[in-house]
Each structure stands twice: as C-alpha cells, then as structure tokens.
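The file entry-v8.pdb contains PDB, C-alpha atoms:
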```
ATOM      1  CA  MET C 262     -16.661 -11.021   3.327  1.00  0.00           C
ATOM      2  CA  PRO C 263     -13.364 -12.940   3.493  1.00  0.00           C
ATOM      3  CA  SER C 264     -10.119 -11.048   3.828  1.00  0.00           C
ATOM      4  CA  PRO C 265      -7.968 -10.592   0.713  1.00  0.00           C
ATOM      5  CA  SER C 266      -5.479 -13.144   2.020  1.00  0.00           C
ATOM      6  CA  ALA C 267      -8.161 -15.808   2.429  1.00  0.00           C
ATOM      7  CA  ASP C 268      -7.591 -16.655  -1.227  1.00  0.00           C
ATOM      8  CA  PRO C 269      -4.024 -15.522  -1.926  1.00  0.00           C
ATOM      9  CA  THR C 270      -4.487 -15.957  -5.671  1.00  0.00           C
ATOM     10  CA  SER C 271      -7.771 -14.056  -5.954  1.00  0.00           C
ATOM     11  CA  ARG C 272      -6.405 -10.619  -6.893  1.00  0.00           C
ATOM     12  CA  ARG C 273      -3.126 -11.610  -8.454  1.00  0.00           C
ATOM     13  CA  ARG C 274      -2.375  -9.588 -11.590  1.00  0.00           C
ATOM     14  CA  GLY C 275       1.297 -10.074 -12.276  1.00  0.00           C
ATOM     15  CA  SER C 276       3.776 -12.832 -11.592  1.00  0.00           C
ATOM     16  CA  GLU C 277       2.688 -16.254 -10.479  1.00  0.00           C
ATOM     17  CA  GLN C 278       4.402 -16.394  -7.100  1.00  0.00           C
ATOM     18  CA  ARG C 279       4.229 -19.620  -5.116  1.00  0.00           C
ATOM     19  CA  VAL C 280       1.893 -19.389  -2.164  1.00  0.00           C
ATOM     20  CA  THR C 281       4.200 -20.127   0.758  1.00  0.00           C
ATOM     21  CA  ARG C 282       3.746 -20.080   4.512  1.00  0.00           C
ATOM     22  CA  GLN C 283       5.776 -16.864   4.626  1.00  0.00           C
ATOM     23  CA  ARG C 284       3.690 -15.189   1.910  1.00  0.00           C
ATOM     24  CA  LEU C 285       0.490 -16.116   3.751  1.00  0.00           C
ATOM     25  CA  ALA C 286       1.913 -14.778   7.033  1.00  0.00           C
ATOM     26  CA  VAL C 287       2.816 -11.444   5.404  1.00  0.00           C
ATOM     27  CA  GLY C 288      -0.642 -11.193   3.810  1.00  0.00           C
ATOM     28  CA  GLN C 289      -2.417 -11.984   7.064  1.00  0.00           C
ATOM     29  CA  ALA C 290      -0.310  -9.456   8.985  1.00  0.00           C
ATOM     30  CA  LEU C 291      -1.147  -6.774   6.404  1.00  0.00           C
ATOM     31  CA  ASP C 292      -4.843  -7.642   6.672  1.00  0.00           C
ATOM     32  CA  ASN C 293      -4.685  -6.840  10.402  1.00  0.00           C
ATOM     33  CA  LEU C 294      -3.032  -3.428   9.963  1.00  0.00           C
ATOM     34  CA  ASP C 295      -4.975  -0.267   9.130  1.00  0.00           C
ATOM     35  CA  ASP C 296      -2.136   2.064   8.223  1.00  0.00           C
ATOM     36  CA  PHE C 297       0.867   1.974   5.931  1.00  0.00           C
ATOM     37  CA  VAL C 298       3.805   0.056   7.374  1.00  0.00           C
ATOM     38  CA  SER C 299       7.498  -0.155   6.507  1.00  0.00           C
ATOM     39  CA  THR C 300       9.138  -3.478   5.801  1.00  0.00           C
ATOM     40  CA  GLN C 301      11.021  -3.299   9.102  1.00  0.00           C
ATOM     41  CA  GLU C 302       7.816  -2.543  11.029  1.00  0.00           C
ATOM     42  CA  LEU C 303       6.001  -5.425   9.332  1.00  0.00           C
ATOM     43  CA  HIS C 304       8.934  -7.754  10.042  1.00  0.00           C
ATOM     44  CA  ARG C 305       8.752  -6.769  13.728  1.00  0.00           C
ATOM     45  CA  VAL C 306       5.003  -7.551  13.746  1.00  0.00           C
ATOM     46  CA  LEU C 307       5.698 -10.951  12.170  1.00  0.00           C
ATOM     47  CA  GLN C 308       8.370 -11.710  14.781  1.00  0.00           C
ATOM     48  CA  GLU C 309       6.006 -10.699  17.603  1.00  0.00           C
ATOM     49  CA  ARG C 310       3.428 -13.136  16.203  1.00  0.00           C
ATOM     50  CA  GLY C 311       6.011 -15.924  16.248  1.00  0.00           C
ATOM     51  CA  GLU C 312       6.296 -16.115  12.455  1.00  0.00           C
ATOM     52  CA  SER C 313       9.720 -17.139  11.175  1.00  0.00           C
ATOM     53  CA  VAL C 314      10.046 -14.882   8.152  1.00  0.00           C
ATOM     54  CA  SER C 315      13.418 -13.265   7.523  1.00  0.00           C
ATOM     55  CA  LEU C 316      13.721  -9.550   6.819  1.00  0.00           C
ATOM     56  CA  ALA C 317      15.025 -10.308   3.299  1.00  0.00           C
ATOM     57  CA  THR C 318      12.031 -12.556   2.611  1.00  0.00           C
ATOM     58  CA  THR C 319       9.681  -9.876   3.951  1.00  0.00           C
ATOM     59  CA  TYR C 320      11.227  -7.355   1.524  1.00  0.00           C
ATOM     60  CA  ARG C 321      10.929  -9.800  -1.377  1.00  0.00           C
ATOM     61  CA  ILE C 322       7.314 -10.724  -0.623  1.00  0.00           C
ATOM     62  CA  LEU C 323       6.224  -7.088  -0.237  1.00  0.00           C
ATOM     63  CA  GLN C 324       7.882  -6.154  -3.535  1.00  0.00           C
ATOM     64  CA  SER C 325       6.183  -9.102  -5.238  1.00  0.00           C
ATOM     65  CA  MET C 326       2.817  -8.127  -3.759  1.00  0.00           C
ATOM     66  CA  ALA C 327       3.330  -4.537  -4.923  1.00  0.00           C
ATOM     67  CA  ASP C 328       4.256  -5.731  -8.429  1.00  0.00           C
ATOM     68  CA  ASP C 329       1.111  -7.876  -8.465  1.00  0.00           C
ATOM     69  CA  GLY C 330      -1.078  -4.966  -7.341  1.00  0.00           C
ATOM     70  CA  LEU C 331      -1.964  -6.604  -4.030  1.00  0.00           C
ATOM     71  CA  VAL C 332      -0.664  -3.739  -1.878  1.00  0.00           C
ATOM     72  CA  ASP C 333      -0.294  -0.011  -2.305  1.00  0.00           C
ATOM     73  CA  VAL C 334       3.180   1.472  -1.924  1.00  0.00           C
ATOM     74  CA  LEU C 335       4.047   5.011  -0.887  1.00  0.00           C
ATOM     75  CA  ARG C 336       7.406   6.699  -0.482  1.00  0.00           C
ATOM     76  CA  LYS C 337       7.909   8.705   2.699  1.00  0.00           C
ATOM     77  CA  ASP C 338       9.926  11.927   2.794  1.00  0.00           C
ATOM     78  CA  ASP C 339      13.106   9.921   3.433  1.00  0.00           C
ATOM     79  CA  ASN C 340      12.260   7.710   0.381  1.00  0.00           C
ATOM     80  CA  GLU C 341      11.455   4.692   2.558  1.00  0.00           C
ATOM     81  CA  ALA C 342       8.714   2.533   1.043  1.00  0.00           C
ATOM     82  CA  VAL C 343       5.626   1.827   3.131  1.00  0.00           C
ATOM     83  CA  TYR C 344       2.930  -0.707   2.268  1.00  0.00           C
ATOM     84  CA  ARG C 345      -0.754  -1.209   2.920  1.00  0.00           C
ATOM     85  CA  ARG C 346      -3.394  -3.675   1.814  1.00  0.00           C
ATOM     86  CA  CYS C 347      -6.150  -1.377   0.602  1.00  0.00           C
ATOM     87  CA  ALA C 348      -9.830  -2.178   0.601  1.00  0.00           C
ATOM     88  CA  ALA C 349     -10.364  -0.528  -2.782  1.00  0.00           C
ATOM     89  CA  GLU C 350      -9.455  -2.779  -5.681  1.00  0.00           C
ATOM     90  CA  HIS C 351      -9.615   0.055  -8.188  1.00  0.00           C
ATOM     91  CA  HIS C 352      -7.460   3.123  -8.731  1.00  0.00           C
ATOM     92  CA  HIS C 353      -7.572   5.474  -5.757  1.00  0.00           C
ATOM     93  CA  HIS C 354      -5.466   7.930  -3.796  1.00  0.00           C
ATOM     94  CA  HIS C 355      -4.629   8.503  -0.135  1.00  0.00           C
ATOM     95  CA  LEU C 356      -4.893  11.261   2.428  1.00  0.00           C
ATOM     96  CA  LEU C 357      -2.164  10.617   5.008  1.00  0.00           C
ATOM     97  CA  CYS C 358      -1.470  12.019   8.454  1.00  0.00           C
ATOM     98  CA  ARG C 359       2.117  13.262   8.718  1.00  0.00           C
ATOM     99  CA  GLU C 360       2.102  12.673  12.467  1.00  0.00           C
ATOM    100  CA  CYS C 361       0.522   9.262  13.132  1.00  0.00           C
ATOM    101  CA  GLY C 362       0.431   7.738   9.638  1.00  0.00           C
ATOM    102  CA  LYS C 363      -3.351   7.262   9.514  1.00  0.00           C
ATOM    103  CA  ALA C 364      -4.464   6.811   5.905  1.00  0.00           C
ATOM    104  CA  VAL C 365      -7.819   7.459   4.268  1.00  0.00           C
ATOM    105  CA  GLU C 366      -8.583   6.150   0.789  1.00  0.00           C
ATOM    106  CA  ILE C 367     -10.063   8.837  -1.420  1.00  0.00           C
ATOM    107  CA  GLU C 368     -11.718   8.963  -4.805  1.00  0.00           C
ATOM    108  CA  ALA C 369     -10.663  11.877  -6.969  1.00  0.00           C
ATOM    109  CA  PRO C 370     -12.628  11.979 -10.244  1.00  0.00           C
ATOM    110  CA  ALA C 371     -11.477  15.558 -10.926  1.00  0.00           C
ATOM    111  CA  VAL C 372      -7.837  14.396 -10.701  1.00  0.00           C
ATOM    112  CA  GLU C 373      -8.574  11.496 -13.052  1.00  0.00           C
ATOM    113  CA  ARG C 374     -10.126  13.845 -15.629  1.00  0.00           C
ATOM    114  CA  TRP C 375      -7.238  16.302 -15.288  1.00  0.00           C
ATOM    115  CA  ALA C 376      -4.607  13.566 -15.716  1.00  0.00           C
ATOM    116  CA  ALA C 377      -6.361  12.189 -18.800  1.00  0.00           C
ATOM    117  CA  ARG C 378      -6.680  15.676 -20.314  1.00  0.00           C
ATOM    118  CA  VAL C 379      -3.018  16.572 -19.708  1.00  0.00           C
ATOM    119  CA  ALA C 380      -1.835  13.250 -21.137  1.00  0.00           C
ATOM    120  CA  GLU C 381      -4.023  13.682 -24.217  1.00  0.00           C
ATOM    121  CA  GLU C 382      -2.845  17.275 -24.760  1.00  0.00           C
ATOM    122  CA  HIS C 383       0.723  16.013 -24.885  1.00  0.00           C
ATOM    123  CA  GLY C 384       0.001  12.891 -26.921  1.00  0.00           C
ATOM    124  CA  TYR C 385       0.801  10.451 -24.118  1.00  0.00           C
ATOM    125  CA  THR C 386      -0.930   7.096 -23.805  1.00  0.00           C
ATOM    126  CA  GLN C 387      -1.030   4.401 -21.117  1.00  0.00           C
ATOM    127  CA  VAL C 388      -0.421   7.044 -18.449  1.00  0.00           C
ATOM    128  CA  ALA C 389      -0.383   6.211 -14.751  1.00  0.00           C
ATOM    129  CA  HIS C 390      -0.281   8.628 -11.856  1.00  0.00           C
ATOM    130  CA  THR C 391      -0.191   8.777  -8.090  1.00  0.00           C
ATOM    131  CA  VAL C 392      -1.575  11.568  -5.956  1.00  0.00           C
ATOM    132  CA  GLU C 393      -0.932  11.514  -2.230  1.00  0.00           C
ATOM    133  CA  MET C 394      -2.145  14.219   0.118  1.00  0.00           C
ATOM    134  CA  TYR C 395      -0.489  14.817   3.498  1.00  0.00           C
ATOM    135  CA  GLY C 396      -1.782  16.688   6.511  1.00  0.00           C
ATOM    136  CA  LEU C 397      -2.758  16.204  10.133  1.00  0.00           C
ATOM    137  CA  CYS C 398      -5.708  13.965  10.979  1.00  0.00           C
ATOM    138  CA  PRO C 399      -8.370  15.350  13.362  1.00  0.00           C
ATOM    139  CA  ASP C 400      -6.826  13.585  16.390  1.00  0.00           C
ATOM    140  CA  CYS C 401      -3.305  14.874  15.711  1.00  0.00           C
ATOM    141  CA  SER C 402      -4.647  18.355  14.929  1.00  0.00           C
ATOM    142  CA  ALA C 403      -6.436  18.432  18.282  1.00  0.00           C
ATOM    143  CA  ARG C 404      -3.248  17.404  20.123  1.00  0.00           C
ATOM    144  CA  THR C 405      -1.222  20.226  18.549  1.00  0.00           C
ATOM    145  CA  GLN C 406      -3.658  22.948  19.651  1.00  0.00           C
TER     146      GLN C 406
END
```

Show how you would write the structure in this file as structure tokens.
Amino acid sequence: MPSPSADPTSRRRGSEQRVTRQRLAVGQALDNLDDFVSTQELHRVLQERGESVSLATTYRILQSMADDGLVDVLRKDDNEAVYRRCAAEHHHHHLLCRECGKAVEIEAPAVERWAARVAEEHGYTQVAHTVEMYGLCPDCSARTQ
C-alpha cells in the first residue's frame, strides 16, 4: 500500500494547496515518523535530511495539512501543537505516553455514543470532539519501577 504522501492530493478535504517540493518533503518526513512531533522537531528532521524548508514554511504546511485533515494535531500541556500522520482515515482518538510520546490510535464507540447523546440532550448539532488519554507506555512504566 502506498504511503499517504505518494499521492499528495488523495486525502485532501479542505483548501486546494499547491503541491510543492516543500509540502512533499514535509509529508514524506511525517510518513517516516511514528509519534507526534512538534514543528521545531519536524524542521530539525527536514534539515538533517538536507531539505531546504524554512521553519515558517514548515509551520504553514503543517497548519494547512491539519486544516485539510491530513494530520492529527494535539496540544501538549504547555499548549504546543504536535502533529502526526495517522493511519486511520476516520475519526479516532489517541492514547499517549507522557514520558516518550508513543501514541496508539484507539477506537472508542462508547465515547462516540456518549458524545452524540449529550449533544442531542442539549439540542446541539454538527458536534465534534477530541478525547486524548495520557499515561505511561509499558516500556516507560517498566523503567520507572
């Protein structure tokens, strides 16, 4: 199965951004990362690969990809945004390690039913939600014992 960046227009939902060398480089770098990454961390990875993408362009491309639904975005405790290209193309949630940043995609049908019920009880429509769970992964838990 080809990576999501193999066809940069395949999952586009929002704006019609031009497919540039920089946008392809950001997409390919994200495809090679397993965990969420900050813009600065991704920019460092790009620089290490010899890609000439400025930090400002990296910010702009990541925001565009988030707007288009091509990456998931989380806010860390310090409100810094971190990004990840997720394998799941449908609504899902994450279980994140507070120590190493490892992320696991999770399905949560009970949460979906609860969110729909609460929205309906209050007369809300077109409701969106995000549920993120934080803890220590098995490897980090073992190191702390």

| task | Output the residue selection produced by the PyMOL selection byres ((chain C and resi 345-360) around 6) on the file above, formatted as an MDAnalysis selection string. | result | chainID C and resid 291 297 332:333 344 361:368 392:398

| said: For a test of reading the model, state the distance in Å between CA of Val388 (chain C) and CA of Asp339 (chain C), rounded to one decimal. | reply: 25.9 Å

| said: Can you measure CA of Gly288 (chain C) to CA of His304 (chain C) for me? One decimal in Å is fine. | reply: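 Rounded to one decimal, the two atoms are 11.9 Å apart.
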
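Omitting region 372-379 of chain C and its sequence neighbours fewer than 3 positions away, and counting all atoms listed in the file, the residues within 8 Å are Ala369, Glu382, His383, Val388 and His390 of chain C.
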
Can you write out the residues you just picked, keeping C-alpha atoms, as a PDB file, keeping the file's coordinate frame?
```pdb
ATOM      1  CA  ALA C 369     -10.663  11.877  -6.969  1.00  0.00           C
ATOM      2  CA  GLU C 382      -2.845  17.275 -24.760  1.00  0.00           C
ATOM      3  CA  HIS C 383       0.723  16.013 -24.885  1.00  0.00           C
ATOM      4  CA  VAL C 388      -0.421   7.044 -18.449  1.00  0.00           C
ATOM      5  CA  HIS C 390      -0.281   8.628 -11.856  1.00  0.00           C
TER       6      HIS C 390
END
```

| request: Measure the distance from CA of Arg404 (chain C) to CA of Asp296 (chain C) in Å and round it to one decimal. | output: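 That distance, rounded to one decimal, is 19.4 Å.
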
| request: Find the residues around Thr300 (chain C) up to 12 Å (all atoms listed in the file counted), leave out those fewer than 6 positions away in its own chain, and share them as a list in words. | output: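 Residues near the query, excluding close chain neighbours: Val287, Ala290, Leu291, Val306, Leu307, Val314, Ser315, Leu316, Ala317, Thr318, Thr319, Tyr320, Arg321, Ile322, Leu323, Gln324, Val334, Leu335, Glu341, Ala342, Val343, Tyr344 and Arg345 of chain C.
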